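Text of query_0.cif, listed as mmCIF, C-alpha atoms:
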data_my_file
loop_
_atom_site.label_atom_id
_atom_site.label_comp_id
_atom_site.auth_asym_id
_atom_site.auth_seq_id
_atom_site.Cartn_x
_atom_site.Cartn_y
_atom_site.Cartn_z
CA MET C 971 -8.28 -129.04 -78.92
CA VAL C 972 -5.48 -128.41 -81.40
CA PRO C 973 -3.29 -125.58 -80.09
CA THR C 974 -3.22 -122.55 -82.36
CA PHE C 975 -0.09 -120.58 -83.18
CA LYS C 976 -1.44 -117.79 -80.97
CA HIS C 977 -1.89 -120.26 -78.08
CA ILE C 978 1.63 -121.66 -78.53
CA ALA C 979 3.08 -118.14 -78.61
CA LEU C 980 1.24 -117.22 -75.43
CA VAL C 981 2.52 -120.32 -73.61
CA ALA C 982 6.06 -119.57 -74.81
CA ALA C 983 5.80 -115.99 -73.62
CA LEU C 984 4.55 -117.07 -70.18
CA THR C 985 7.37 -119.64 -69.94
CA LEU C 986 9.96 -117.02 -70.78
CA SER C 987 8.40 -114.64 -68.28
CA ALA C 988 8.56 -117.29 -65.55
CA ALA C 989 12.18 -118.07 -66.43
CA ALA C 990 13.08 -114.41 -66.21
CA HIS C 991 11.30 -114.12 -62.87
CA ALA C 992 13.22 -117.16 -61.64
CA GLN C 993 16.44 -115.23 -62.14
CA LYS C 994 15.28 -112.02 -60.44
CA ALA C 995 16.86 -111.49 -57.02
CA GLU C 996 16.30 -108.54 -54.70
CA VAL C 997 19.27 -108.35 -52.35
CA ILE C 998 19.31 -106.24 -49.17
CA HIS C 999 22.81 -105.22 -48.04
CA TRP C 1000 24.59 -102.34 -46.30
CA TRP C 1001 27.66 -101.93 -48.51
CA THR C 1002 27.50 -98.25 -49.41
CA SER C 1003 31.04 -96.84 -48.98
CA GLY C 1004 33.28 -96.49 -52.03
CA GLY C 1005 35.24 -99.69 -51.52
CA GLU C 1006 32.13 -101.63 -50.47
CA SER C 1007 30.12 -100.50 -53.51
CA ALA C 1008 32.90 -101.64 -55.83
CA ALA C 1009 32.93 -105.02 -54.09
CA VAL C 1010 29.19 -105.70 -54.15
CA LYS C 1011 29.19 -104.84 -57.87
CA GLU C 1012 31.37 -107.93 -58.38
CA LEU C 1013 28.63 -110.09 -56.81
CA ALA C 1014 25.96 -108.40 -58.91
CA ASP C 1015 27.98 -108.76 -62.12
CA ALA C 1016 28.64 -112.44 -61.43
CA TYR C 1017 24.93 -113.05 -60.86
CA THR C 1018 24.07 -111.20 -64.05
CA LYS C 1019 26.61 -113.24 -66.04
CA ALA C 1020 24.97 -116.39 -64.68
CA GLY C 1021 21.69 -115.29 -66.25
CA GLY C 1022 20.12 -113.48 -63.33
CA THR C 1023 18.69 -110.04 -62.74
CA TRP C 1024 20.12 -108.32 -59.66
CA VAL C 1025 17.80 -105.88 -57.88
CA ASP C 1026 19.98 -103.83 -55.55
CA ALA C 1027 18.43 -102.86 -52.20
CA ALA C 1028 21.24 -101.09 -50.37
CA VAL C 1029 20.45 -99.69 -46.91
CA ALA C 1030 23.12 -97.58 -45.21
CA GLY C 1031 24.26 -99.01 -41.88
CA GLY C 1032 24.33 -102.66 -40.82
CA GLU C 1033 21.75 -102.29 -38.07
CA ASN C 1034 19.37 -100.44 -40.39
CA ALA C 1035 19.77 -103.02 -43.15
CA ARG C 1036 19.14 -105.95 -40.81
CA ALA C 1037 16.07 -104.22 -39.38
CA ALA C 1038 14.75 -103.57 -42.89
CA ALA C 1039 15.23 -107.23 -43.84
CA ILE C 1040 13.45 -108.48 -40.72
CA ASN C 1041 10.59 -106.00 -41.15
CA ARG C 1042 10.14 -107.16 -44.73
CA ILE C 1043 10.02 -110.78 -43.58
CA ALA C 1044 7.53 -109.97 -40.80
CA GLY C 1045 5.40 -107.99 -43.25
CA GLY C 1046 5.12 -110.89 -45.66
CA ASN C 1047 7.11 -109.14 -48.39
CA PRO C 1048 10.63 -110.56 -47.99
CA SER C 1049 13.58 -109.86 -50.22
CA THR C 1050 15.20 -112.78 -52.05
CA ALA C 1051 18.31 -112.50 -49.87
CA ALA C 1052 19.52 -110.31 -47.02
CA GLN C 1053 22.93 -109.58 -45.56
CA PHE C 1054 23.89 -110.37 -41.98
CA ASN C 1055 27.24 -110.75 -40.26
CA THR C 1056 28.73 -114.19 -39.68
CA SER C 1057 27.25 -114.36 -36.20
CA LYS C 1058 24.20 -115.27 -34.13
CA GLN C 1059 22.31 -112.25 -35.47
CA TYR C 1060 19.99 -114.37 -37.59
CA HIS C 1061 19.66 -117.44 -35.35
CA ASP C 1062 16.38 -116.20 -33.87
CA VAL C 1063 15.01 -115.86 -37.41
CA ILE C 1064 15.99 -119.49 -38.05
CA ALA C 1065 14.30 -120.57 -34.81
CA GLU C 1066 11.09 -118.86 -35.94
CA GLY C 1067 11.15 -120.93 -39.15
CA LEU C 1068 11.45 -117.83 -41.34
CA LEU C 1069 14.45 -118.81 -43.48
CA ASN C 1070 14.90 -121.32 -46.29
CA ASP C 1071 17.84 -123.68 -46.01
CA ILE C 1072 20.27 -124.09 -48.89
CA ASP C 1073 21.36 -127.64 -48.13
CA THR C 1074 21.22 -128.75 -51.75
CA VAL C 1075 23.75 -126.10 -52.81
CA ALA C 1076 25.99 -126.78 -49.79
CA ALA C 1077 26.01 -130.51 -50.52
CA LYS C 1078 26.69 -130.02 -54.23
CA GLU C 1079 29.53 -127.58 -53.59
CA GLY C 1080 31.02 -129.55 -50.69
CA TRP C 1081 30.89 -126.80 -48.08
CA ASP C 1082 31.64 -129.23 -45.25
CA LYS C 1083 35.04 -129.92 -46.80
CA TRP C 1084 36.45 -126.41 -47.18
CA LEU C 1085 34.64 -124.01 -44.87
CA PRO C 1086 36.52 -123.19 -41.61
CA LYS C 1087 34.84 -124.65 -38.53
CA PRO C 1088 33.96 -121.26 -36.91
CA ILE C 1089 31.98 -120.38 -40.03
CA ILE C 1090 30.25 -123.76 -40.24
CA ASP C 1091 29.22 -123.37 -36.61
CA SER C 1092 27.58 -120.06 -37.47
CA VAL C 1093 25.77 -120.95 -40.72
CA LYS C 1094 24.90 -124.63 -40.16
CA ILE C 1095 22.24 -124.91 -37.48
CA LYS C 1096 20.81 -128.27 -36.37
CA GLY C 1097 22.29 -129.93 -39.43
CA HIS C 1098 21.01 -127.43 -42.00
CA TYR C 1099 22.76 -124.62 -43.86
CA TYR C 1100 20.78 -121.39 -43.57
CA ALA C 1101 23.28 -118.80 -44.81
CA VAL C 1102 25.89 -118.48 -47.51
CA PRO C 1103 29.18 -116.93 -46.33
CA VAL C 1104 30.80 -114.63 -48.88
CA ASN C 1105 34.01 -113.61 -47.15
CA ILE C 1106 36.23 -113.90 -44.12
CA HIS C 1107 37.00 -110.64 -42.38
CA ASN C 1108 39.45 -110.26 -39.55
CA PRO C 1109 38.27 -107.22 -37.55
CA THR C 1110 41.56 -106.93 -35.66
CA TRP C 1111 44.00 -105.79 -38.36
CA PHE C 1112 46.45 -102.95 -37.75
CA TRP C 1113 46.83 -100.56 -40.72
CA TYR C 1114 49.51 -97.91 -41.03
CA SER C 1115 50.73 -95.13 -43.28
CA LYS C 1116 54.29 -95.75 -44.43
CA ALA C 1117 54.80 -92.01 -45.01
CA ALA C 1118 53.59 -91.13 -41.50
CA LEU C 1119 55.80 -93.75 -39.84
CA GLN C 1120 58.79 -92.61 -41.86
CA LYS C 1121 58.18 -88.99 -40.88
CA ALA C 1122 57.98 -90.01 -37.21
CA GLY C 1123 61.10 -92.16 -37.39
CA VAL C 1124 59.34 -95.48 -36.73
CA ALA C 1125 61.64 -98.10 -38.22
CA GLY C 1126 59.41 -101.16 -38.53
CA GLU C 1127 56.21 -102.89 -37.53
CA PRO C 1128 55.80 -103.20 -33.75
CA LYS C 1129 56.18 -106.76 -32.49
CA ASN C 1130 54.30 -106.29 -29.22
CA MET C 1131 52.13 -103.76 -27.42
CA ASP C 1132 55.07 -101.97 -25.81
CA GLU C 1133 56.62 -101.35 -29.23
CA PHE C 1134 53.21 -100.21 -30.49
CA PHE C 1135 52.96 -97.62 -27.74
CA ALA C 1136 56.54 -96.49 -28.51
CA ALA C 1137 55.57 -95.98 -32.16
CA LEU C 1138 52.47 -94.03 -31.12
CA ASP C 1139 54.65 -91.77 -28.94
CA LYS C 1140 56.93 -91.00 -31.91
CA LEU C 1141 53.94 -90.18 -34.12
CA LYS C 1142 52.56 -87.86 -31.46
CA ALA C 1143 55.93 -86.11 -31.14
CA ALA C 1144 55.97 -85.61 -34.93
CA GLY C 1145 52.66 -83.73 -34.77
CA LEU C 1146 50.61 -86.51 -36.36
CA THR C 1147 47.51 -88.28 -35.06
CA PRO C 1148 48.94 -91.54 -33.71
CA LEU C 1149 45.72 -93.59 -33.83
CA ALA C 1150 42.86 -92.86 -36.23
CA LEU C 1151 39.61 -93.90 -34.60
CA GLY C 1152 35.97 -93.32 -35.37
CA GLY C 1153 34.36 -92.70 -32.00
CA GLN C 1154 31.32 -94.91 -32.48
CA GLY C 1155 30.34 -97.74 -30.15
CA TRP C 1156 31.09 -100.57 -32.56
CA GLN C 1157 34.51 -99.13 -33.42
CA GLU C 1158 35.43 -98.72 -29.76
CA PHE C 1159 34.29 -102.32 -29.25
CA ILE C 1160 36.63 -103.54 -32.01
CA THR C 1161 39.49 -101.67 -30.36
CA PHE C 1162 38.67 -103.36 -27.05
CA TYR C 1163 38.53 -106.93 -28.28
CA SER C 1164 41.58 -106.43 -30.50
CA VAL C 1165 43.57 -105.40 -27.42
CA LEU C 1166 42.06 -108.26 -25.40
CA LEU C 1167 43.05 -110.81 -28.06
CA HIS C 1168 46.56 -109.48 -28.70
CA VAL C 1169 47.47 -108.21 -25.23
CA GLY C 1170 45.35 -110.27 -22.85
CA GLY C 1171 45.84 -113.30 -25.08
CA LYS C 1172 43.69 -115.90 -26.79
CA ASP C 1173 42.87 -117.71 -23.54
CA ALA C 1174 41.64 -114.52 -21.86
CA TYR C 1175 39.61 -113.67 -24.95
CA LEU C 1176 37.91 -117.09 -25.06
CA LYS C 1177 37.26 -117.19 -21.31
CA PHE C 1178 35.36 -113.93 -21.65
CA PHE C 1179 33.56 -114.22 -24.99
CA LYS C 1180 33.09 -117.99 -25.31
CA ASP C 1181 32.90 -119.21 -21.70
CA HIS C 1182 31.31 -116.02 -20.27
CA ASP C 1183 33.60 -116.49 -17.27
CA ALA C 1184 32.97 -113.54 -14.94
CA ALA C 1185 35.94 -114.44 -12.72
CA SER C 1186 38.35 -114.05 -15.66
CA VAL C 1187 37.47 -110.35 -15.94
CA ASN C 1188 39.23 -109.67 -12.64
CA ALA C 1189 42.32 -111.70 -13.62
CA GLU C 1190 45.62 -110.03 -14.56
CA PRO C 1191 45.41 -110.53 -18.38
CA PHE C 1192 42.02 -108.83 -18.54
CA ARG C 1193 42.95 -105.99 -16.21
CA LYS C 1194 46.10 -105.46 -18.28
CA THR C 1195 43.86 -105.18 -21.34
CA LEU C 1196 41.69 -102.48 -19.77
CA THR C 1197 44.77 -100.54 -18.65
CA ALA C 1198 46.17 -100.67 -22.21
CA LEU C 1199 42.81 -99.60 -23.61
CA ARG C 1200 42.73 -96.61 -21.28
CA LYS C 1201 46.26 -95.65 -22.42
CA LEU C 1202 45.26 -95.92 -26.09
CA HIS C 1203 42.65 -93.22 -25.60
CA GLY C 1204 45.45 -90.71 -25.19
CA TYR C 1205 46.53 -91.22 -28.80
CA VAL C 1206 43.29 -90.34 -30.63
CA ASP C 1207 42.49 -86.82 -31.83
CA ALA C 1208 39.75 -84.48 -30.60
CA GLY C 1209 37.71 -85.09 -33.76
CA SER C 1210 37.30 -88.79 -33.04
CA PRO C 1211 33.78 -88.83 -31.49
CA GLY C 1212 31.14 -89.73 -34.06
CA ARG C 1213 33.59 -90.16 -36.94
CA ASN C 1214 32.79 -92.83 -39.52
CA TRP C 1215 35.26 -95.67 -39.90
CA ASN C 1216 36.09 -94.86 -43.54
CA ASP C 1217 36.85 -91.24 -42.59
CA ALA C 1218 39.33 -92.58 -40.02
CA THR C 1219 40.84 -94.76 -42.76
CA ALA C 1220 41.17 -91.66 -44.95
CA MET C 1221 43.38 -90.11 -42.25
CA VAL C 1222 45.81 -93.01 -42.68
CA ILE C 1223 45.54 -92.90 -46.48
CA THR C 1224 46.50 -89.21 -46.51
CA GLY C 1225 49.30 -89.68 -43.97
CA LYS C 1226 47.63 -87.46 -41.36
CA ALA C 1227 47.45 -90.43 -38.97
CA GLY C 1228 49.82 -93.30 -38.32
CA PHE C 1229 47.71 -96.31 -37.39
CA GLN C 1230 44.14 -97.59 -37.45
CA ILE C 1231 42.83 -100.75 -35.79
CA MET C 1232 40.03 -101.86 -38.06
CA GLY C 1233 38.74 -104.84 -40.00
CA ASP C 1234 40.15 -105.69 -43.39
CA TRP C 1235 37.20 -104.03 -45.09
CA ALA C 1236 39.33 -100.90 -44.62
CA LYS C 1237 41.61 -102.21 -47.36
CA GLY C 1238 38.90 -101.48 -49.88
CA GLU C 1239 39.32 -97.78 -49.07
CA PHE C 1240 43.08 -97.98 -49.69
CA SER C 1241 42.42 -99.74 -52.99
CA GLY C 1242 39.89 -97.10 -53.96
CA ALA C 1243 42.57 -94.45 -53.32
CA LYS C 1244 44.91 -96.36 -55.69
CA GLN C 1245 47.29 -97.29 -52.87
CA THR C 1246 49.16 -100.58 -52.78
CA ALA C 1247 49.78 -102.77 -49.74
CA GLY C 1248 53.48 -102.79 -48.91
CA LYS C 1249 54.07 -99.57 -50.82
CA GLU C 1250 51.98 -96.69 -49.44
CA PHE C 1251 50.48 -98.58 -46.53
CA GLY C 1252 51.23 -101.59 -44.38
CA CYS C 1253 49.23 -104.13 -42.42
CA PHE C 1254 49.69 -106.74 -39.71
CA ALA C 1255 47.12 -109.03 -38.13
CA GLY C 1256 48.34 -108.89 -34.57
CA PHE C 1257 51.84 -109.11 -33.16
CA GLY C 1258 54.08 -111.80 -34.61
CA PRO C 1259 53.70 -114.50 -37.30
CA THR C 1260 51.58 -116.84 -35.15
CA ALA C 1261 49.18 -114.23 -33.70
CA PRO C 1262 45.57 -115.38 -33.31
CA TYR C 1263 43.58 -114.72 -36.48
CA MET C 1264 40.00 -113.68 -35.85
CA ILE C 1265 37.34 -115.00 -38.20
CA ALA C 1266 34.34 -112.82 -38.91
CA GLY C 1267 32.62 -111.84 -42.12
CA ASP C 1268 29.36 -111.49 -43.97
CA VAL C 1269 26.66 -113.91 -45.01
CA PHE C 1270 23.42 -113.78 -46.92
CA VAL C 1271 20.30 -115.48 -45.62
CA PHE C 1272 17.28 -116.49 -47.67
CA PRO C 1273 13.84 -115.55 -46.32
CA LYS C 1274 11.21 -118.27 -46.30
CA THR C 1275 9.21 -118.65 -49.48
CA SER C 1276 7.45 -121.49 -51.23
CA ASP C 1277 7.65 -119.73 -54.60
CA LYS C 1278 9.64 -122.01 -56.87
CA ALA C 1279 11.09 -119.14 -58.90
CA ALA C 1280 12.29 -117.33 -55.79
CA ILE C 1281 13.87 -120.52 -54.43
CA GLU C 1282 15.69 -121.04 -57.74
CA ALA C 1283 17.02 -117.47 -57.48
CA GLN C 1284 18.18 -118.12 -53.91
CA HIS C 1285 20.04 -121.25 -54.98
CA LYS C 1286 21.61 -119.43 -57.92
CA LEU C 1287 22.82 -116.65 -55.58
CA ALA C 1288 24.38 -119.20 -53.21
CA THR C 1289 26.11 -121.00 -56.08
CA VAL C 1290 27.43 -117.83 -57.72
CA PHE C 1291 28.58 -116.25 -54.45
CA THR C 1292 30.78 -119.23 -53.52
CA ALA C 1293 32.26 -119.81 -56.99
CA PRO C 1294 36.09 -119.48 -56.95
CA ALA C 1295 36.21 -116.70 -59.56
CA THR C 1296 33.55 -114.65 -57.75
CA GLN C 1297 35.31 -115.17 -54.45
CA VAL C 1298 38.62 -113.79 -55.74
CA ALA C 1299 37.06 -110.83 -57.59
CA PHE C 1300 34.77 -109.84 -54.72
CA ASN C 1301 37.30 -110.20 -51.93
CA ASN C 1302 40.01 -108.36 -53.84
CA LYS C 1303 37.69 -105.35 -53.83
CA LYS C 1304 36.24 -105.89 -50.36
CA GLY C 1305 39.55 -106.24 -48.53
CA SER C 1306 38.56 -109.58 -47.02
CA ILE C 1307 39.80 -113.05 -47.95
CA PRO C 1308 37.86 -115.84 -49.69
CA ILE C 1309 35.89 -118.39 -47.69
CA ARG C 1310 37.67 -121.21 -49.49
CA THR C 1311 41.32 -122.23 -49.42
CA ASP C 1312 41.29 -123.92 -52.86
CA ILE C 1313 41.67 -120.66 -54.80
CA ASP C 1314 44.66 -119.02 -56.46
CA SER C 1315 45.83 -116.28 -54.10
CA SER C 1316 48.74 -115.17 -56.32
CA LYS C 1317 46.76 -112.19 -57.62
CA MET C 1318 45.87 -111.03 -54.11
CA ASP C 1319 47.89 -108.39 -52.22
CA ILE C 1320 50.31 -109.13 -49.38
CA CYS C 1321 47.69 -108.48 -46.67
CA ALA C 1322 45.23 -110.91 -48.23
CA GLN C 1323 47.97 -113.49 -48.78
CA ALA C 1324 48.90 -113.24 -45.10
CA GLY C 1325 45.24 -113.85 -44.26
CA VAL C 1326 44.99 -116.85 -46.59
CA GLN C 1327 48.12 -118.29 -44.98
CA ALA C 1328 46.64 -117.79 -41.50
CA LEU C 1329 43.46 -119.53 -42.62
CA LYS C 1330 45.46 -122.68 -43.35
CA ASP C 1331 46.45 -122.95 -39.67
CA PRO C 1332 43.38 -123.90 -37.57
CA ALA C 1333 45.38 -123.32 -34.37
CA ARG C 1334 45.33 -119.59 -35.14
CA HIS C 1335 41.58 -119.41 -35.75
CA VAL C 1336 39.38 -117.66 -33.21
CA ALA C 1337 35.71 -116.82 -33.65
CA ASN C 1338 34.61 -113.20 -33.42
CA PRO C 1339 32.46 -112.01 -30.48
CA ASP C 1340 29.22 -112.10 -32.49
CA MET C 1341 29.68 -115.84 -33.06
CA LEU C 1342 30.18 -116.48 -29.34
CA MET C 1343 27.61 -114.23 -27.67
CA THR C 1344 23.97 -113.41 -28.29
CA PRO C 1345 23.29 -109.97 -29.77
CA ASP C 1346 21.87 -108.84 -26.40
CA MET C 1347 25.02 -109.83 -24.51
CA VAL C 1348 27.27 -108.27 -27.14
CA GLY C 1349 25.25 -105.07 -26.81
CA ALA C 1350 25.59 -105.06 -23.03
CA VAL C 1351 29.37 -105.52 -23.21
CA GLN C 1352 29.71 -102.86 -25.89
CA ASP C 1353 27.78 -100.38 -23.72
CA VAL C 1354 30.22 -100.95 -20.87
CA ILE C 1355 33.22 -100.46 -23.15
CA THR C 1356 31.74 -97.27 -24.62
CA LYS C 1357 31.32 -95.83 -21.14
CA PHE C 1358 34.83 -96.87 -20.11
CA TRP C 1359 36.34 -95.37 -23.28
CA ASN C 1360 34.49 -92.07 -23.06
CA THR C 1361 34.65 -91.39 -19.32
CA ASN C 1362 37.17 -91.55 -16.50
CA GLN C 1363 35.63 -94.75 -15.15
CA SER C 1364 38.15 -96.77 -13.16
CA VAL C 1365 39.37 -100.22 -14.19
CA ASP C 1366 37.79 -101.64 -11.02
CA ASP C 1367 34.38 -100.22 -11.93
CA ALA C 1368 34.71 -101.42 -15.52
CA VAL C 1369 35.53 -104.92 -14.26
CA LYS C 1370 32.36 -104.95 -12.14
CA ALA C 1371 30.27 -103.62 -15.02
CA LEU C 1372 31.59 -106.26 -17.43
CA GLN C 1373 30.93 -109.01 -14.92
CA GLY C 1374 27.38 -107.71 -14.68
CA ALA C 1375 27.03 -107.71 -18.47
CA LEU C 1376 28.03 -111.39 -18.56
CA LYS C 1377 25.49 -112.31 -15.91
CA GLY C 1378 22.76 -110.44 -17.74
#
How would this structure read if it were set down as structure tokens?
Amino acid sequence: MVPTFKHIALVAALTLSAAAHAQKAEVIHWWTSGGESAAVKELADAYTKAGGTWVDAAVAGGENARAAAINRIAGGNPSTAAQFNTSKQYHDVIAEGLLNDIDTVAAKEGWDKWLPKPIIDSVKIKGHYYAVPVNIHNPTWFWYSKAALQKAGVAGEPKNMDEFFAALDKLKAAGLTPLALGGQGWQEFITFYSVLLHVGGKDAYLKFFKDHDAASVNAEPFRKTLTALRKLHGYVDAGSPGRNWNDATAMVITGKAGFQIMGDWAKGEFSGAKQTAGKEFGCFAGFGPTAPYMIAGDVFVFPKTSDKAAIEAQHKLATVFTAPATQVAFNNKKGSIPIRTDIDSSKMDICAQAGVQALKDPARHVANPDMLMTPDMVGAVQDVITKFWNTNQSVDDAVKALQGALKG
């Protein structure tokens, strides 16, 4: 049969339709705050420029977004991609055979050569890459208002925990909130492991989170951590319980509070308020120039599908997300640092540049708790810390409870 013009036009239309569908990507994520929304737009714009159609599926709250993604997968109607933390959160989904790997993209882009080992250990399972990392967050940054510290007479950045407490005392005496904290379980947990890492030390941190060593909880470094954590509670304001993290950041931005211990996603809020690192606010990733640098972050996983168009969209997302230009643009807005060290950091602020520098020293790297413990164990530990923070529970009882959480 000789094809008619009408037949040729129909085939062309169907081909164009399939090509358009190949570029369509529905992406589930939880980035809904001001700074986060500005950041995810950089990913969407990059995907659009690469010829794709971004279908935004934002769900407020990390836990809610992950649950939505898993429910969609279980219901046979998965999104093209879904956000998780750089962690073990999605390892069960891999074990169930419900994710596509992206080995071809990883091989083409040379991920093995430039991804930090803690991230590779999280996203490469049994020899296959199942997630694309988009950033490196350090959850244990200290942020401060320069105006608040000046008002309180705090001369410079504290170099150890004793100096930090001294600065908090001066802020309290000046009538300011010394430590801005959102009283939610995950924020209290960050405060705990930040103190453990920077007061108890890297060894104490790894014995607990990596080795699950119950005996270490009763050792002096860990008990010192719990004592410091108890003391910190005296520096938060009465409005802390239930406060969102970005509202706590706003207290620092406006100079009502001196410090906040929070991940570098907080920097997106400072940027959104048109503040500049080193001018209106300051930052330090632990005490001293060689402090341990915690590696955390966000990844996107790709639900199982045999649809060729959907797989092409998944590969395009992975390629676009890891491109140097996208990495710089996205992370400048997000507050995090790029996953790769072969980018130009000259246009990044002083906090990000300090992070990039830390990334070049593997001796400083330490994996975040979610990379080292199962979600169930992390939850059990967090529950203990929440009780300790919000009650008058003794250090001895907290030690016993944490030992129990490790044993399961």
> If you measure from CA of Gly1305 (chain C) to CA of Gly1238 (chain C), what distance in Å do you get, rounded to one decimal?
Replying inline: 5.0 Å
> Got a sec to resolve the PyMOL selection byres ((chain C and resi 1347-1360) around 8) on this structure and send the residues as a list in words?
Replying inline: Gly1155, Trp1156, Glu1158, Phe1159, Phe1162, Leu1199, Arg1200, His1203, Pro1339, Asp1340, Met1343, Thr1344, Pro1345, Asp1346, Thr1361, Asn1362, Gln1363, Ser1364, Ala1368, Ala1371, Leu1372, Ala1375, Leu1376 and Gly1378 of chain C
What's around region 1183-1188 of chain C at 8 Å? Count only C-alpha atoms, leave out sequence neighbours fewer than 2 positions away in its own chain, and write the answer as an mmCIF file with C-alpha atoms, in the coordinates of the input.
data_model
loop_
_atom_site.group_PDB
_atom_site.id
_atom_site.type_symbol
_atom_site.label_atom_id
_atom_site.label_comp_id
_atom_site.auth_asym_id
_atom_site.auth_seq_id
_atom_site.Cartn_x
_atom_site.Cartn_y
_atom_site.Cartn_z
ATOM 1 C CA ALA C 1174 41.640 -114.520 -21.860
ATOM 2 C CA LYS C 1177 37.260 -117.190 -21.310
ATOM 3 C CA PHE C 1178 35.360 -113.930 -21.650
ATOM 4 C CA ASP C 1181 32.900 -119.210 -21.700
ATOM 5 C CA GLU C 1190 45.620 -110.030 -14.560
ATOM 6 C CA PHE C 1192 42.020 -108.830 -18.540
ATOM 7 C CA ARG C 1193 42.950 -105.990 -16.210
ATOM 8 C CA VAL C 1369 35.530 -104.920 -14.260
ATOM 9 C CA LEU C 1372 31.590 -106.260 -17.430
ATOM 10 C CA GLN C 1373 30.930 -109.010 -14.920
ATOM 11 C CA LEU C 1376 28.030 -111.390 -18.560
ATOM 12 C CA LYS C 1377 25.490 -112.310 -15.910
#
> Around (49.1, -100.2, -50.1) in the file's frame, which residues reach within 10 Å when counting all atoms listed in the file? Return as a PyMOL selection string?
Replying inline: chain C and resi 1113-1116+1223+1237+1240-1241+1243-1253+1319-1321
>> For this structure, which residues satisfy the selection - the PyMOL selection byres ((chain C and resi 1022) around 9) - when it is evaluated on the file as given? I want them as a PyMOL selection string.
In response: chain C and resi 990-995+1014+1016-1021+1023-1024+1283+1286-1287
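Coordinates place CA of Thr1050 (chain C) at a distance of 6.6 Å from CA of Ala1280 (chain C).
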Where atoms are absent from region 1082-1097 of chain C, fill them in so it carries N, CA and C atoms, then output it as a PDB file, in the frame of the given file.
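See out36.pdb below for the written result:
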ATOM      1  N   ASP C1082      31.081-128.580 -46.454  1.00  0.00           N
ATOM      2  CA  ASP C1082      31.640-129.230 -45.250  1.00  0.00           C
ATOM      3  C   ASP C1082      33.142-129.459 -45.367  1.00  0.00           C
ATOM      4  N   LYS C1083      33.627-129.574 -46.590  1.00  0.00           N
ATOM      5  CA  LYS C1083      35.040-129.920 -46.800  1.00  0.00           C
ATOM      6  C   LYS C1083      35.971-128.714 -46.717  1.00  0.00           C
ATOM      7  N   TRP C1084      35.499-127.519 -47.108  1.00  0.00           N
ATOM      8  CA  TRP C1084      36.450-126.410 -47.180  1.00  0.00           C
ATOM      9  C   TRP C1084      36.086-125.160 -46.384  1.00  0.00           C
ATOM     10  N   LEU C1085      34.950-125.155 -45.725  1.00  0.00           N
ATOM     11  CA  LEU C1085      34.640-124.010 -44.870  1.00  0.00           C
ATOM     12  C   LEU C1085      35.319-124.171 -43.503  1.00  0.00           C
ATOM     13  N   PRO C1086      35.926-123.118 -42.955  1.00  0.00           N
ATOM     14  CA  PRO C1086      36.520-123.190 -41.610  1.00  0.00           C
ATOM     15  C   PRO C1086      35.436-123.484 -40.565  1.00  0.00           C
ATOM     16  N   LYS C1087      35.805-124.219 -39.535  1.00  0.00           N
ATOM     17  CA  LYS C1087      34.840-124.650 -38.530  1.00  0.00           C
ATOM     18  C   LYS C1087      34.076-123.487 -37.883  1.00  0.00           C
ATOM     19  N   PRO C1088      34.735-122.350 -37.509  1.00  0.00           N
ATOM     20  CA  PRO C1088      33.960-121.260 -36.910  1.00  0.00           C
ATOM     21  C   PRO C1088      32.821-120.770 -37.806  1.00  0.00           C
ATOM     22  N   ILE C1089      33.030-120.814 -39.119  1.00  0.00           N
ATOM     23  CA  ILE C1089      31.980-120.380 -40.030  1.00  0.00           C
ATOM     24  C   ILE C1089      30.873-121.426 -40.120  1.00  0.00           C
ATOM     25  N   ILE C1090      31.263-122.692 -40.225  1.00  0.00           N
ATOM     26  CA  ILE C1090      30.250-123.760 -40.240  1.00  0.00           C
ATOM     27  C   ILE C1090      29.372-123.680 -39.006  1.00  0.00           C
ATOM     28  N   ASP C1091      29.985-123.449 -37.854  1.00  0.00           N
ATOM     29  CA  ASP C1091      29.220-123.370 -36.610  1.00  0.00           C
ATOM     30  C   ASP C1091      28.211-122.229 -36.611  1.00  0.00           C
ATOM     31  N   SER C1092      28.477-121.218 -37.421  1.00  0.00           N
ATOM     32  CA  SER C1092      27.580-120.060 -37.470  1.00  0.00           C
ATOM     33  C   SER C1092      26.466-120.225 -38.493  1.00  0.00           C
ATOM     34  N   VAL C1093      26.761-120.887 -39.627  1.00  0.00           N
ATOM     35  CA  VAL C1093      25.770-120.950 -40.720  1.00  0.00           C
ATOM     36  C   VAL C1093      25.043-122.282 -40.819  1.00  0.00           C
ATOM     37  N   LYS C1094      25.554-123.311 -40.131  1.00  0.00           N
ATOM     38  CA  LYS C1094      24.900-124.630 -40.160  1.00  0.00           C
ATOM     39  C   LYS C1094      24.280-124.885 -38.800  1.00  0.00           C
ATOM     40  N   ILE C1095      22.977-124.797 -38.742  1.00  0.00           N
ATOM     41  CA  ILE C1095      22.240-124.910 -37.480  1.00  0.00           C
ATOM     42  C   ILE C1095      21.369-126.161 -37.495  1.00  0.00           C
ATOM     43  N   LYS C1096      21.565-127.024 -36.481  1.00  0.00           N
ATOM     44  CA  LYS C1096      20.810-128.270 -36.370  1.00  0.00           C
ATOM     45  C   LYS C1096      20.858-129.079 -37.670  1.00  0.00           C
ATOM     46  N   GLY C1097      22.062-129.100 -38.254  1.00  0.00           N
ATOM     47  CA  GLY C1097      22.290-129.930 -39.430  1.00  0.00           C
ATOM     48  C   GLY C1097      21.906-129.319 -40.761  1.00  0.00           C
TER      49      GLY C1097
END
